[in-house]
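A.B. asks: After the structure tokens below, expect a handful of questions from me.
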Amino acid sequence: MKFAVGLWAYGKTGDRFLLGGYKDDVALADRLKRVTANGNIRAVELNYPGDVNASNAAEVGKLIHGAGLAVAMVGADLTGDRIWQFGSLTSKSAEIRQKALERCVATADVARSLKCDRINLWLGQDGFDYCFQSRYPEAWARLVEAVSRLASEVADVKVCIEYKPKEPRTHSLVNSAAKALLLCRETGKSNVGVTIDVGHSFNAGENTAEAACLLGEKLFHLHLNDNYRTWDDDLAVGSVHTLEFIELLYWLRNIGYDGYYSLDVFPYREEPERVVEESIEFLKAAADLVEKVGMDTIAEKIERNDTLAVQSLIRKAMFGGLH
């Protein structure tokens with residue numbers, strides 16, 4: 001398992017109630033020192049232009065690679081500026097759509113300079129809040145056209161669409177694995193795929209293992225965290241949905257996923273090192289548990305529709321002789 005972490009986990013961790021954050025800001029070099037203290041982490045994620053941009057990319061790359069780390073992903077920030085309030089790639093304004101496209105292309109340019117082959121698009125401002133606010137067919141057509149253009153302009157870079165049901169809009173245009181896959185297919189571009197953020201999948205009411213299987217080869221990237229399904233809490237992995245994570249790991253192995261297991265956690269009040277370490281150790285233990293129970297054994301029980309047998313085997317592997 002290749003582990004990565006978003007560098008925002010080591011930042012100020014502000015929320016809408018405390019915009020200034022629960023912690024002091026941490027310089028990039030110091031964040032990287034804290035990342036490398038965990039020997040399991042092989043790569044980091046950053047956002048453009050806040051973390052990295054054309055003016056500092058060389059310096060950032062030197063710091064990251066000098067720390068023995070790779071860059072797993074660079075995200076294009078299409079939410080954190082007032083210009084995107086009524087949409088980025090789907091805006092009714094051709095000028096704003098062009099600016100959004102240019103930002104995505106610039107993100108890809110910076111990613112290349114960091115020896116990274118993929119960018120992430122979370123289209124949080126592309127959606128609607130009220131009835132009679134959006135012309136749905138036109139909004140979808142604009143999205144397909146924009147992502148198609150982007151994929152053609154950055155053909156050597158993978159464009160990863162990260163879906164989410166809502167936030168900051170009350171309804172996101174790309175709100176499920178199925179719609180993200182539909183977008184991939186309608187673009188017809190081989191370099192367009194999907195990022196599953198497990199927390200977003202939980203928010204969408206999905207079984208994430210099923211969502212991963214639905215996407216198949218179009219699953220380009222994973223963001224791992226946990227929540228109580230009602231909000232994107234970005235908690236430590238496995239702190240709530242233990243059994244669902246075990247099933248997800250089983251199916252990721254089945255479908256041959258070989259990308260990063262990237263931690264997208266937001267430790268508001270906890271120490272980031274502890275949240276990251278616990279998340280990684282949970283994932284390693286869960287993967288070991290699947291191995292201990294046996295891929296073939298699990299497959300045979302599923303084929304026989306004997307779900308309780310699988311759960312019994314998992315319980316015994318987890319708790320041993322405890323009842």
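Letters A, B, ... mark the chains of the structure tokens in the order given; residue numbers begin at 1 per chain; ligand numbers begin at 1, in order shown.
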Name the residues of stretch 123-322 of chain A that come out as strand (DSSP E) in a backbone DSSP run; write them as a ChimeraX atom specification.
C.D. replies: /A:127-128,158-162,171-172,192-197,219-224,260-263
A.B. asks: Restricting the output to N, CA and C atoms, write the selected residues as a short mmCIF file (atom, residue, chain, number, x, y, z; two decimals), in the first residue's frame.
C.D. replies:
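Here's the written file again_38.cif:
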data_model
loop_
_atom_site.label_atom_id
_atom_site.label_comp_id
_atom_site.auth_asym_id
_atom_site.auth_seq_id
_atom_site.Cartn_x
_atom_site.Cartn_y
_atom_site.Cartn_z
N GLY A 127 -22.82 23.73 -9.00
CA GLY A 127 -24.05 23.09 -8.57
C GLY A 127 -25.13 24.14 -8.43
N PHE A 128 -25.99 23.96 -7.44
CA PHE A 128 -27.07 24.93 -7.22
C PHE A 128 -27.53 24.85 -5.78
N LYS A 158 -3.34 12.95 -15.84
CA LYS A 158 -4.64 12.38 -15.49
C LYS A 158 -5.48 13.43 -14.75
N VAL A 159 -6.70 13.59 -15.21
CA VAL A 159 -7.63 14.54 -14.61
C VAL A 159 -8.61 13.76 -13.74
N CYS A 160 -8.52 13.98 -12.43
CA CYS A 160 -9.31 13.20 -11.48
C CYS A 160 -10.48 14.03 -10.96
N ILE A 161 -11.69 13.55 -11.14
CA ILE A 161 -12.89 14.25 -10.70
C ILE A 161 -13.28 13.72 -9.32
N GLU A 162 -13.29 14.61 -8.33
CA GLU A 162 -13.66 14.22 -6.97
C GLU A 162 -15.11 14.64 -6.71
N HIS A 171 -26.40 21.50 -3.48
CA HIS A 171 -26.41 20.37 -4.41
C HIS A 171 -25.23 20.50 -5.36
N SER A 172 -24.32 19.56 -5.31
CA SER A 172 -23.20 19.54 -6.25
C SER A 172 -23.62 18.88 -7.55
N VAL A 192 -9.34 10.99 -18.17
CA VAL A 192 -10.31 11.50 -17.20
C VAL A 192 -10.79 10.34 -16.34
N GLY A 193 -10.63 10.49 -15.04
CA GLY A 193 -11.05 9.45 -14.10
C GLY A 193 -11.61 10.07 -12.83
N VAL A 194 -11.63 9.31 -11.77
CA VAL A 194 -12.35 9.71 -10.56
C VAL A 194 -11.47 9.56 -9.33
N THR A 195 -11.58 10.51 -8.43
CA THR A 195 -11.08 10.38 -7.06
C THR A 195 -12.25 10.03 -6.16
N ILE A 196 -12.16 8.91 -5.48
CA ILE A 196 -13.13 8.63 -4.42
C ILE A 196 -12.59 9.19 -3.12
N ASP A 197 -13.30 10.16 -2.58
CA ASP A 197 -13.09 10.56 -1.19
C ASP A 197 -14.08 9.73 -0.38
N LEU A 219 -11.10 4.43 -11.49
CA LEU A 219 -10.72 4.87 -10.14
C LEU A 219 -9.24 5.23 -10.18
N PHE A 220 -8.96 6.52 -10.25
CA PHE A 220 -7.57 6.99 -10.39
C PHE A 220 -6.92 7.29 -9.04
N HIS A 221 -7.72 7.62 -8.01
CA HIS A 221 -7.12 8.09 -6.77
C HIS A 221 -8.10 7.90 -5.62
N LEU A 222 -7.54 7.82 -4.40
CA LEU A 222 -8.34 7.64 -3.19
C LEU A 222 -7.99 8.69 -2.15
N HIS A 223 -9.03 9.30 -1.56
CA HIS A 223 -8.88 10.12 -0.36
C HIS A 223 -9.55 9.37 0.78
N LEU A 224 -8.79 9.16 1.85
CA LEU A 224 -9.28 8.33 2.95
C LEU A 224 -9.47 9.16 4.22
N TYR A 260 -2.34 5.53 -4.93
CA TYR A 260 -2.04 5.93 -3.56
C TYR A 260 -3.25 5.76 -2.65
N TYR A 261 -2.97 5.43 -1.41
CA TYR A 261 -3.94 5.49 -0.32
C TYR A 261 -3.63 6.79 0.40
N SER A 262 -4.34 7.84 0.01
CA SER A 262 -3.97 9.19 0.44
C SER A 262 -4.90 9.66 1.54
N LEU A 263 -4.31 10.12 2.64
CA LEU A 263 -5.08 10.55 3.80
C LEU A 263 -5.52 11.99 3.62
#
A.B. asks: Which residues are close to A:Ile119, i.e. within 6 Å by only C-alpha atoms, leaving aside same-chain residues fewer than 6 positions away? Reply as an MDAnalysis selection string.
C.D. replies: chainID A and resid 73:75 159
A.B. asks: Create the file for the chosen residues now, containing C-alpha atoms and written as a CSV table (one decimal), in the first residue's frame.
C.D. replies:
chain,number,residue,atom,x,y,z
A,73,MET,CA,-1.5,14.8,-6.6
A,74,VAL,CA,-2.0,18.6,-7.1
A,75,GLY,CA,-5.5,19.9,-6.6
A,159,VAL,CA,-7.6,14.5,-14.6
A.B. asks: Extract the full set of helix (DSSP H, G or I) residues from stretch 147-322 of chain A according to DSSP on the backbone, and format it as an MDAnalysis selection string.
C.D. replies: chainID A and resid 147:153 177:187 198:203 208:218 242:255 272:293 295:303 307:319
A.B. asks: Might you pull out every residue within 12 Å of A:Ala37, with only C-alpha atoms counted and same-chain residues fewer than 4 positions away left off, and present them as a list in words?
C.D. replies: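 In the requested form, the answer reads Asp30, Arg31, Leu32, Lys33, Ile41, Arg42, Ala67, Gly68, Leu69, Pro272, Glu273, Arg274, Val276 and Glu277 of chain A.
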A.B. asks: May I have the residues from that selection written out with N, CA and C atoms, as a PDB file, in the first residue's frame?
C.D. replies:
ATOM      1  N   ASP A  30       8.634  22.725   7.680  1.00  0.00           N
ATOM      2  CA  ASP A  30       8.325  22.091   8.961  1.00  0.00           C
ATOM      3  C   ASP A  30       7.227  21.035   8.812  1.00  0.00           C
ATOM      4  N   ARG A  31       6.282  21.282   7.911  1.00  0.00           N
ATOM      5  CA  ARG A  31       5.260  20.251   7.646  1.00  0.00           C
ATOM      6  C   ARG A  31       5.924  18.983   7.095  1.00  0.00           C
ATOM      7  N   LEU A  32       6.861  19.166   6.213  1.00  0.00           N
ATOM      8  CA  LEU A  32       7.524  18.011   5.606  1.00  0.00           C
ATOM      9  C   LEU A  32       8.326  17.226   6.631  1.00  0.00           C
ATOM     10  N   LYS A  33       8.946  17.918   7.573  1.00  0.00           N
ATOM     11  CA  LYS A  33       9.659  17.219   8.646  1.00  0.00           C
ATOM     12  C   LYS A  33       8.701  16.351   9.452  1.00  0.00           C
ATOM     13  N   ILE A  41       4.883   7.032   4.983  1.00  0.00           N
ATOM     14  CA  ILE A  41       4.366   7.982   4.002  1.00  0.00           C
ATOM     15  C   ILE A  41       5.371   8.174   2.881  1.00  0.00           C
ATOM     16  N   ARG A  42       4.901   7.991   1.658  1.00  0.00           N
ATOM     17  CA  ARG A  42       5.779   8.082   0.490  1.00  0.00           C
ATOM     18  C   ARG A  42       5.541   9.326  -0.349  1.00  0.00           C
ATOM     19  N   ALA A  67      13.240  15.762   0.810  1.00  0.00           N
ATOM     20  CA  ALA A  67      12.793  15.018   1.985  1.00  0.00           C
ATOM     21  C   ALA A  67      12.542  13.549   1.668  1.00  0.00           C
ATOM     22  N   GLY A  68      12.793  13.152   0.417  1.00  0.00           N
ATOM     23  CA  GLY A  68      12.588  11.760   0.018  1.00  0.00           C
ATOM     24  C   GLY A  68      11.147  11.415  -0.287  1.00  0.00           C
ATOM     25  N   LEU A  69      10.340  12.429  -0.596  1.00  0.00           N
ATOM     26  CA  LEU A  69       8.924  12.229  -0.859  1.00  0.00           C
ATOM     27  C   LEU A  69       8.598  12.519  -2.323  1.00  0.00           C
ATOM     28  N   PRO A 272      -1.892  16.237  14.373  1.00  0.00           N
ATOM     29  CA  PRO A 272      -1.965  15.591  13.052  1.00  0.00           C
ATOM     30  C   PRO A 272      -1.146  14.312  12.960  1.00  0.00           C
ATOM     31  N   GLU A 273       0.032  14.293  13.601  1.00  0.00           N
ATOM     32  CA  GLU A 273       0.861  13.088  13.532  1.00  0.00           C
ATOM     33  C   GLU A 273       0.120  11.876  14.073  1.00  0.00           C
ATOM     34  N   ARG A 274      -0.631  12.066  15.146  1.00  0.00           N
ATOM     35  CA  ARG A 274      -1.337  10.943  15.756  1.00  0.00           C
ATOM     36  C   ARG A 274      -2.501  10.486  14.885  1.00  0.00           C
ATOM     37  N   VAL A 276      -2.720  10.822  11.601  1.00  0.00           N
ATOM     38  CA  VAL A 276      -2.134  10.174  10.423  1.00  0.00           C
ATOM     39  C   VAL A 276      -1.618   8.786  10.781  1.00  0.00           C
ATOM     40  N   GLU A 277      -0.892   8.692  11.880  1.00  0.00           N
ATOM     41  CA  GLU A 277      -0.347   7.391  12.271  1.00  0.00           C
ATOM     42  C   GLU A 277      -1.453   6.381  12.546  1.00  0.00           C
TER      43      GLU A 277
END
A.B. asks: Taking 5 positions as the minimum chain separation for residues in the same chain, which residues sit within 12 Å of A:Ile280 when counting only C-alpha atoms? Answer as a PyMOL selection string.
C.D. replies: chain A and resi 1-5+38-42+224-225+236-239+261-265+273-275+285-287
A.B. asks: Can you tell me how far atom CA of A:Arg142 sits from atom CA of A:Leu121, in Å to one decimal?
C.D. replies: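 It comes out at 15.2 Å.
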A.B. asks: Rounded to one decimal in Å, what is the spacing between atom CA of A:Asn207 and atom CA of A:Asn120?
C.D. replies: 22.2 Å
A.B. asks: In Å, rounded to a single decimal, give me how far atom CA of A:Asp25 is from atom CA of A:Gly11.
C.D. replies: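 Atom-to-atom, atom CA of A:Gly11 and atom CA of A:Asp25 are spaced 5.4 Å apart.
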